[in-house]
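Following: one structure in structure tokens, then a few remarks.
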Amino acid sequence: MYKYDHIDQTLVDQRVAQFRDQVARRLDGSLAEEEFRPLRLQNGLYHQRHAYMLRVAIPYGLFNSKQLRTMALIAEKYDRGYGHFTTRQNIQYNWVTLEDTPDILAELAKVEMHAIQTSGNCIRNITSDAFAGVAGDEYVDPRPVCELLRQWSTLHPEFAHLPRKFKFAINGAKEDRTILLCHDVGIELKKNTNGELIADIYAGGGMGRTPILGALIKTDLPWQLLPSYLTALLRVYNRFGRRDNLYKARIKILVKALSPEEFARQVEGEWLHIKNGDDNFTQAEWDRVAKHFTKPAYKNLPKLSDEQIINAASETEKASFARWLERNVKSHQVPGYASVILSLKPHGSVAPGDATTAQMLAIADLADQYSFGELRATHEQNLVLADVEQSKLYALWQEAKKQKVALPNIGLLTDIIACPGGDFCSLANAKSLPIAKAIQERFDDLDYLFDLGDISLNISGCINSCGHHHVGNIGVLGVDKDGEEWYQITLGGEQGNDAAIGKVIGPSFYADEIPDVMTNIINTYVERRSHDESFIETYRRLGVVPFKEAAYKNAKKKEKAEVAGDAS
Ligand code: HEM
Ligand code: SF4
């Protein structure tokens, strides 16, 4: 993985020193909160419901065991013994104090990490495929481009004060695991017939109160020209984005207002002036960065069949080991290797995406022992050991079980994406975490979950949509009505190659109704599915009506909800 050079290290060290001074001035009263606020936000420090929250970037989701140990120690020393992995490949600490923040950032700087540009109206942490470099369906390893763009966008003087936050996702595989179309800019990497690296650019995707899928605005852009093209794109946004209205300030609103074609035309116009300038990437730059993403020292190993792998387990364990292999283990480019997803979604005990200090320390050891010391954070808030020898999967499974990160629920109903919601977030309308817990407790039977197969369930505590409920097959959104917490259900959303925005099924429900509503929706799927049909396929075939009727079957408070007036 990328290793900081002198420039990177100086930059983060200087930023820590600068922030230490700013915090000291805030604490002695020489900086007022309104003066300090933009400074702390530039360092990922939010003020939330109970305490400060620090968001730390994990660039394109890639990190090493040493970094994880530091994350664990920060959780132990400065927080309450856990950290929260988010959908955008960041880790958040929910209970830090202002006084400690400079020390936390100094600890992070020692392991080449920081919290710069994890907040504010700038280019945020660039996200990518958690299986980059190992996925069997990969066209191009996206990591060198991710790193080049990370460097290009870090403290870019022209784009530090955009109309609103700006999120890039970069994909290089057949399957989109980056939710490319839900980003302000999605970059799809591929090779042309001459084997040259090129990119398609999607713009104007986003969630929030106006969910929109990104539109294709440029095809076959040579990788070298990414900086000038993106500069042109950001300039058009910087100039015409709706700074006058917070709710209309994201690029998606501009692209929609102009139409993708007109937006693309304006970007081309701006690009004409700069496309031959000296801002573009050179081969020397590529070589400087790409050398960090060479393959690890793989052994020459035979490819094992599922049967051979399962045979490592005892008779009594075979069935559960096979389940774990089916859900949590993914194919690899190199014979004899596999990628393992460690589930951070135990049923009903902790918030989706949370890992304790003890778990993080143990997982760091597992990374060293089984996967060349490297890890990845996924969009679904789980962790990945990307390079595990197939013959060691059984031993790893045993270790992962001890850490309670071996639940075979990846991609199943209880692999819930959830934002922190009303338990932590000061913008929340309703709590997310107790809803996730109640659903996991209701659907705790693994046999049943397996039978249901792939279903994505996403929960957001307010319309900002941090839990991506719009693109969950089932989405749950917390809404506030007269000071009470209600939940609106959407169905039919999908992330990935067939991305779609879910539809609101009707009036909202109380929290205590949600498990029954889920049961009724799921029962409808089970009753109506045809052989081997997934939830989303059944939904697309039947439409919303039978699911909607089932959802409201026992809605005891339906009348009240309708009076409260949700759109159906
Ligand atoms: C607790 C503190 C948090 C605050 C105050 C916060 C705030 C926000 C706001 C205001 C937006 C909407 C921006 C807009 O549409 O203009 C947003 C979007 C988003 N946030 Fe958060 N968020 C928080 C935590 C999280 C967490 C924990 C995650 C991941 C689990 C997350 C992931 C996202 C994503 C994926 C989006 C939507 C994508 C988009 O359209 O940008 N956020 N957040
Ligand atoms: S969706 Fe709303 S409640 Fe949830 S983290 Fe985002 S801003 Fe907070």
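Every chain in the structure tokens takes a letter, A first, then B, and so on in the order presented; its residues are numbered from 1, and the ligands are numbered from 1 following the presented order.
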
Picked from region 338-555 of chain A by DSSP as alpha helix (DSSP H), as JSON, numbers by chain: {"A": [357, 358, 359, 360, 361, 362, 363, 364, 365, 366, 367, 368, 369, 370, 393, 394, 395, 396, 397, 398, 399, 400, 401, 402, 433, 434, 435, 436, 437, 438, 439, 440, 441, 442, 446, 447, 448, 449, 450, 451, 452, 514, 515, 516, 517, 518, 519, 520, 521, 522, 523, 524, 525, 526, 527, 528, 535, 536, 537, 538, 539, 540, 541, 542, 545, 546, 547, 548, 549, 550, 551]}

Residues within 7 Å of Gly492 (chain A), only C-alpha atoms, excluding chain neighbours under 2 positions, as number ranges by chain: A: 473-474, 490, 494, 501-503, 536, 539

Please identify every residue of region 270-363 of chain A that has at least one atom no farther than 6 Å from an atom of region 403-424 of chain A, counting only C-alpha atoms, and for each give the shortest atom pair and the distance in Å to one decimal, arranged by chain then increasing number, as JSON lines.
{"residue": "A:Trp324", "atom": "CA", "partner": "A:Pro408", "partner_atom": "CA", "distance": 4.7}
{"residue": "A:Arg327", "atom": "CA", "partner": "A:Ile410", "partner_atom": "CA", "distance": 5.5}
{"residue": "A:Asn328", "atom": "CA", "partner": "A:Ile410", "partner_atom": "CA", "distance": 5.8}
{"residue": "A:Leu342", "atom": "CA", "partner": "A:Val405", "partner_atom": "CA", "distance": 5.2}
{"residue": "A:Ser343", "atom": "CA", "partner": "A:Val405", "partner_atom": "CA", "distance": 4.8}
{"residue": "A:Leu344", "atom": "CA", "partner": "A:Val405", "partner_atom": "CA", "distance": 5.9}
{"residue": "A:Lys345", "atom": "CA", "partner": "A:Asp415", "partner_atom": "CA", "distance": 5.8}
{"residue": "A:Gln359", "atom": "CA", "partner": "A:Gln403", "partner_atom": "CA", "distance": 5.9}

Requested write-out: all heavy atoms of the selected residues, as an mmCIF file, in the first residue's frame:
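Writing done, so here's again-v5.cif:
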data_model
loop_
_atom_site.group_PDB
_atom_site.id
_atom_site.type_symbol
_atom_site.label_atom_id
_atom_site.label_comp_id
_atom_site.auth_asym_id
_atom_site.auth_seq_id
_atom_site.Cartn_x
_atom_site.Cartn_y
_atom_site.Cartn_z
ATOM 1 N N TRP A 324 -20.244 -20.015 6.119
ATOM 2 C CA TRP A 324 -19.330 -18.871 6.204
ATOM 3 C C TRP A 324 -18.576 -18.714 4.880
ATOM 4 O O TRP A 324 -18.419 -17.604 4.365
ATOM 5 C CB TRP A 324 -18.366 -19.094 7.377
ATOM 6 C CG TRP A 324 -17.400 -17.988 7.628
ATOM 7 C CD1 TRP A 324 -17.676 -16.770 8.184
ATOM 8 C CD2 TRP A 324 -15.995 -17.987 7.352
ATOM 9 N NE1 TRP A 324 -16.531 -16.012 8.273
ATOM 10 C CE2 TRP A 324 -15.477 -16.744 7.767
ATOM 11 C CE3 TRP A 324 -15.122 -18.920 6.805
ATOM 12 C CZ2 TRP A 324 -14.132 -16.405 7.648
ATOM 13 C CZ3 TRP A 324 -13.779 -18.578 6.683
ATOM 14 C CH2 TRP A 324 -13.290 -17.334 7.104
ATOM 15 N N ARG A 327 -20.975 -17.116 2.281
ATOM 16 C CA ARG A 327 -21.353 -15.705 2.417
ATOM 17 C C ARG A 327 -20.164 -14.770 2.601
ATOM 18 O O ARG A 327 -20.192 -13.634 2.121
ATOM 19 C CB ARG A 327 -22.307 -15.496 3.611
ATOM 20 C CG ARG A 327 -23.617 -16.181 3.568
ATOM 21 C CD ARG A 327 -24.502 -15.944 2.357
ATOM 22 N NE ARG A 327 -24.577 -14.633 1.795
ATOM 23 C CZ ARG A 327 -25.435 -14.297 0.813
ATOM 24 N NH1 ARG A 327 -26.294 -15.190 0.326
ATOM 25 N NH2 ARG A 327 -25.435 -13.089 0.312
ATOM 26 N N ASN A 328 -19.140 -15.196 3.346
ATOM 27 C CA ASN A 328 -18.108 -14.245 3.788
ATOM 28 C C ASN A 328 -16.784 -14.382 3.038
ATOM 29 O O ASN A 328 -15.854 -13.635 3.321
ATOM 30 C CB ASN A 328 -17.833 -14.421 5.289
ATOM 31 C CG ASN A 328 -19.055 -14.140 6.140
ATOM 32 O OD1 ASN A 328 -20.165 -14.436 5.744
ATOM 33 N ND2 ASN A 328 -18.857 -13.556 7.308
ATOM 34 N N LEU A 342 -14.946 -9.880 7.280
ATOM 35 C CA LEU A 342 -15.248 -10.023 8.707
ATOM 36 C C LEU A 342 -16.490 -9.193 8.987
ATOM 37 O O LEU A 342 -16.511 -7.981 8.731
ATOM 38 C CB LEU A 342 -14.062 -9.529 9.545
ATOM 39 C CG LEU A 342 -12.726 -10.244 9.284
ATOM 40 C CD1 LEU A 342 -11.598 -9.564 10.049
ATOM 41 C CD2 LEU A 342 -12.805 -11.726 9.639
ATOM 42 N N SER A 343 -17.525 -9.848 9.497
ATOM 43 C CA SER A 343 -18.799 -9.150 9.686
ATOM 44 C C SER A 343 -18.772 -8.300 10.959
ATOM 45 O O SER A 343 -18.523 -8.814 12.050
ATOM 46 C CB SER A 343 -19.932 -10.180 9.778
ATOM 47 O OG SER A 343 -21.108 -9.555 10.227
ATOM 48 N N LEU A 344 -19.048 -7.008 10.805
ATOM 49 C CA LEU A 344 -19.209 -6.133 11.979
ATOM 50 C C LEU A 344 -20.697 -5.960 12.285
ATOM 51 O O LEU A 344 -21.134 -4.918 12.733
ATOM 52 C CB LEU A 344 -18.530 -4.779 11.740
ATOM 53 C CG LEU A 344 -17.014 -4.801 11.526
ATOM 54 C CD1 LEU A 344 -16.462 -3.377 11.384
ATOM 55 C CD2 LEU A 344 -16.285 -5.517 12.657
ATOM 56 N N LYS A 345 -21.471 -7.005 11.994
ATOM 57 C CA LYS A 345 -22.926 -6.933 12.203
ATOM 58 C C LYS A 345 -23.417 -8.092 13.065
ATOM 59 O O LYS A 345 -24.276 -8.872 12.651
ATOM 60 C CB LYS A 345 -23.659 -6.977 10.849
ATOM 61 C CG LYS A 345 -23.099 -6.119 9.742
ATOM 62 C CD LYS A 345 -23.336 -4.648 9.985
ATOM 63 C CE LYS A 345 -22.691 -3.816 8.898
ATOM 64 N NZ LYS A 345 -23.268 -3.935 7.591
ATOM 65 N N GLN A 359 -11.363 -6.173 19.663
ATOM 66 C CA GLN A 359 -11.569 -6.739 18.322
ATOM 67 C C GLN A 359 -10.561 -6.163 17.333
ATOM 68 O O GLN A 359 -9.971 -6.896 16.532
ATOM 69 C CB GLN A 359 -12.988 -6.436 17.836
ATOM 70 C CG GLN A 359 -14.054 -7.328 18.469
ATOM 71 C CD GLN A 359 -15.439 -6.918 18.035
ATOM 72 O OE1 GLN A 359 -15.749 -5.730 17.926
ATOM 73 N NE2 GLN A 359 -16.295 -7.901 17.790
#

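Close contacts of region 292-294 of chain A, defined as residues with an atom at most 10 Å away when counting only C-alpha atoms, with chain neighbours fewer than 6 positions off set aside, comprise Met1, Tyr2, Lys3, Gly133, Asp141, Pro142, Arg143, Pro144 and Glu147 of chain A.
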
Selected residues written out, C-alpha atoms, as a short mmCIF file (atom, residue, chain, number, x, y, z; two decimals), in the first residue's frame:
data_model
loop_
_atom_site.label_atom_id
_atom_site.label_comp_id
_atom_site.auth_asym_id
_atom_site.auth_seq_id
_atom_site.Cartn_x
_atom_site.Cartn_y
_atom_site.Cartn_z
CA MET A 1 0.00 0.00 0.00
CA TYR A 2 1.02 3.63 -0.39
CA LYS A 3 3.75 4.83 1.94
CA GLY A 133 -6.30 -5.44 -6.68
CA ASP A 141 -6.66 -1.95 -10.16
CA PRO A 142 -8.07 1.48 -9.19
CA ARG A 143 -5.66 2.16 -6.31
CA PRO A 144 -2.92 4.09 -8.18
CA GLU A 147 -3.85 7.70 -4.65
#

Selection: 9 Å around region 8-11 of chain A, only C-alpha atoms, excl. self and same-chain fewer than 3 positions, as a ChimeraX atom specification: /A:4-5,14-16,109-110,112,151

Can you tell me which residues surround Glu261 (chain A) at a distance of at most 10 Å, considering only C-alpha atoms, apart from same-chain residues fewer than 3 positions away, and format the answer as a PDB file with N, CA, C and O atoms, in the first residue's frame?
ATOM      1  N   ALA A 215     -25.175  10.782 -13.776  1.00  0.00           N
ATOM      2  CA  ALA A 215     -25.344  10.618 -15.227  1.00  0.00           C
ATOM      3  C   ALA A 215     -23.964  10.549 -15.881  1.00  0.00           C
ATOM      4  O   ALA A 215     -23.016  11.220 -15.441  1.00  0.00           O
ATOM      5  N   LEU A 216     -23.884   9.762 -16.931  1.00  0.00           N
ATOM      6  CA  LEU A 216     -22.618   9.629 -17.662  1.00  0.00           C
ATOM      7  C   LEU A 216     -22.383  10.915 -18.449  1.00  0.00           C
ATOM      8  O   LEU A 216     -23.203  11.308 -19.288  1.00  0.00           O
ATOM      9  N   ILE A 217     -21.277  11.592 -18.172  1.00  0.00           N
ATOM     10  CA  ILE A 217     -21.033  12.853 -18.884  1.00  0.00           C
ATOM     11  C   ILE A 217     -19.771  12.824 -19.749  1.00  0.00           C
ATOM     12  O   ILE A 217     -19.526  13.741 -20.523  1.00  0.00           O
ATOM     13  N   LYS A 218     -18.958  11.780 -19.589  1.00  0.00           N
ATOM     14  CA  LYS A 218     -17.730  11.729 -20.401  1.00  0.00           C
ATOM     15  C   LYS A 218     -17.293  10.282 -20.535  1.00  0.00           C
ATOM     16  O   LYS A 218     -17.315   9.535 -19.556  1.00  0.00           O
ATOM     17  N   VAL A 255     -26.589  19.650 -11.930  1.00  0.00           N
ATOM     18  CA  VAL A 255     -26.610  18.777 -13.112  1.00  0.00           C
ATOM     19  C   VAL A 255     -28.058  18.558 -13.560  1.00  0.00           C
ATOM     20  O   VAL A 255     -28.365  18.580 -14.757  1.00  0.00           O
ATOM     21  N   LYS A 256     -28.945  18.394 -12.588  1.00  0.00           N
ATOM     22  CA  LYS A 256     -30.348  18.177 -12.941  1.00  0.00           C
ATOM     23  C   LYS A 256     -30.952  19.440 -13.571  1.00  0.00           C
ATOM     24  O   LYS A 256     -31.664  19.375 -14.575  1.00  0.00           O
ATOM     25  N   LEU A 258     -29.455  21.901 -15.131  1.00  0.00           N
ATOM     26  CA  LEU A 258     -28.915  22.206 -16.469  1.00  0.00           C
ATOM     27  C   LEU A 258     -29.235  21.106 -17.475  1.00  0.00           C
ATOM     28  O   LEU A 258     -29.261  21.356 -18.680  1.00  0.00           O
ATOM     29  N   ALA A 264     -22.354  18.668 -19.150  1.00  0.00           N
ATOM     30  CA  ALA A 264     -21.178  18.098 -19.822  1.00  0.00           C
ATOM     31  C   ALA A 264     -20.615  19.089 -20.843  1.00  0.00           C
ATOM     32  O   ALA A 264     -19.392  19.255 -20.972  1.00  0.00           O
ATOM     33  N   ARG A 265     -21.511  19.782 -21.546  1.00  0.00           N
ATOM     34  CA  ARG A 265     -21.062  20.750 -22.566  1.00  0.00           C
ATOM     35  C   ARG A 265     -20.274  21.886 -21.901  1.00  0.00           C
ATOM     36  O   ARG A 265     -19.228  22.308 -22.390  1.00  0.00           O
ATOM     37  N   GLN A 266     -20.776  22.342 -20.771  1.00  0.00           N
ATOM     38  CA  GLN A 266     -20.081  23.438 -20.080  1.00  0.00           C
ATOM     39  C   GLN A 266     -18.717  22.986 -19.554  1.00  0.00           C
ATOM     40  O   GLN A 266     -17.751  23.741 -19.574  1.00  0.00           O
ATOM     41  N   VAL A 267     -18.667  21.747 -19.081  1.00  0.00           N
ATOM     42  CA  VAL A 267     -17.382  21.229 -18.597  1.00  0.00           C
ATOM     43  C   VAL A 267     -16.393  21.149 -19.764  1.00  0.00           C
ATOM     44  O   VAL A 267     -15.233  21.565 -19.648  1.00  0.00           O
TER      45      VAL A 267
END

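Around ligand 2, using only C-alpha atoms and all ligand atoms and a cut-off of 6 Å, the residues in contact are Cys419, Pro420, Gly421, Gly422, Cys425, Leu427, Ala428, Ser460, Gly461, Cys462, Ile463, Asn464, Ser465, Cys466 and Gly467 of chain A.
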
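With CA of Pro296 (chain A) on one side and CA of Gln224 (chain A) on the other, the separation reads 26.2 Å.
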
Leu27 (chain A) environment, 12 Å, only C-alpha atoms, sequence neighbours closer than 4 positions dropped, as a count of residues only: 12

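Of all the residues in region 320-413 of chain A, the ones DSSP labels as strand (DSSP E or B) from the backbone are Val329, Lys330, Ser331, His332, Tyr337, Ala338, Ser339, Val340, Ile341, Leu342, Asp354, Ala355, Thr356, Glu374, Leu375, Arg376, Ala377, Leu383, Val384, Leu385, Ala386, Asp387, Val388 and Glu389 of chain A.
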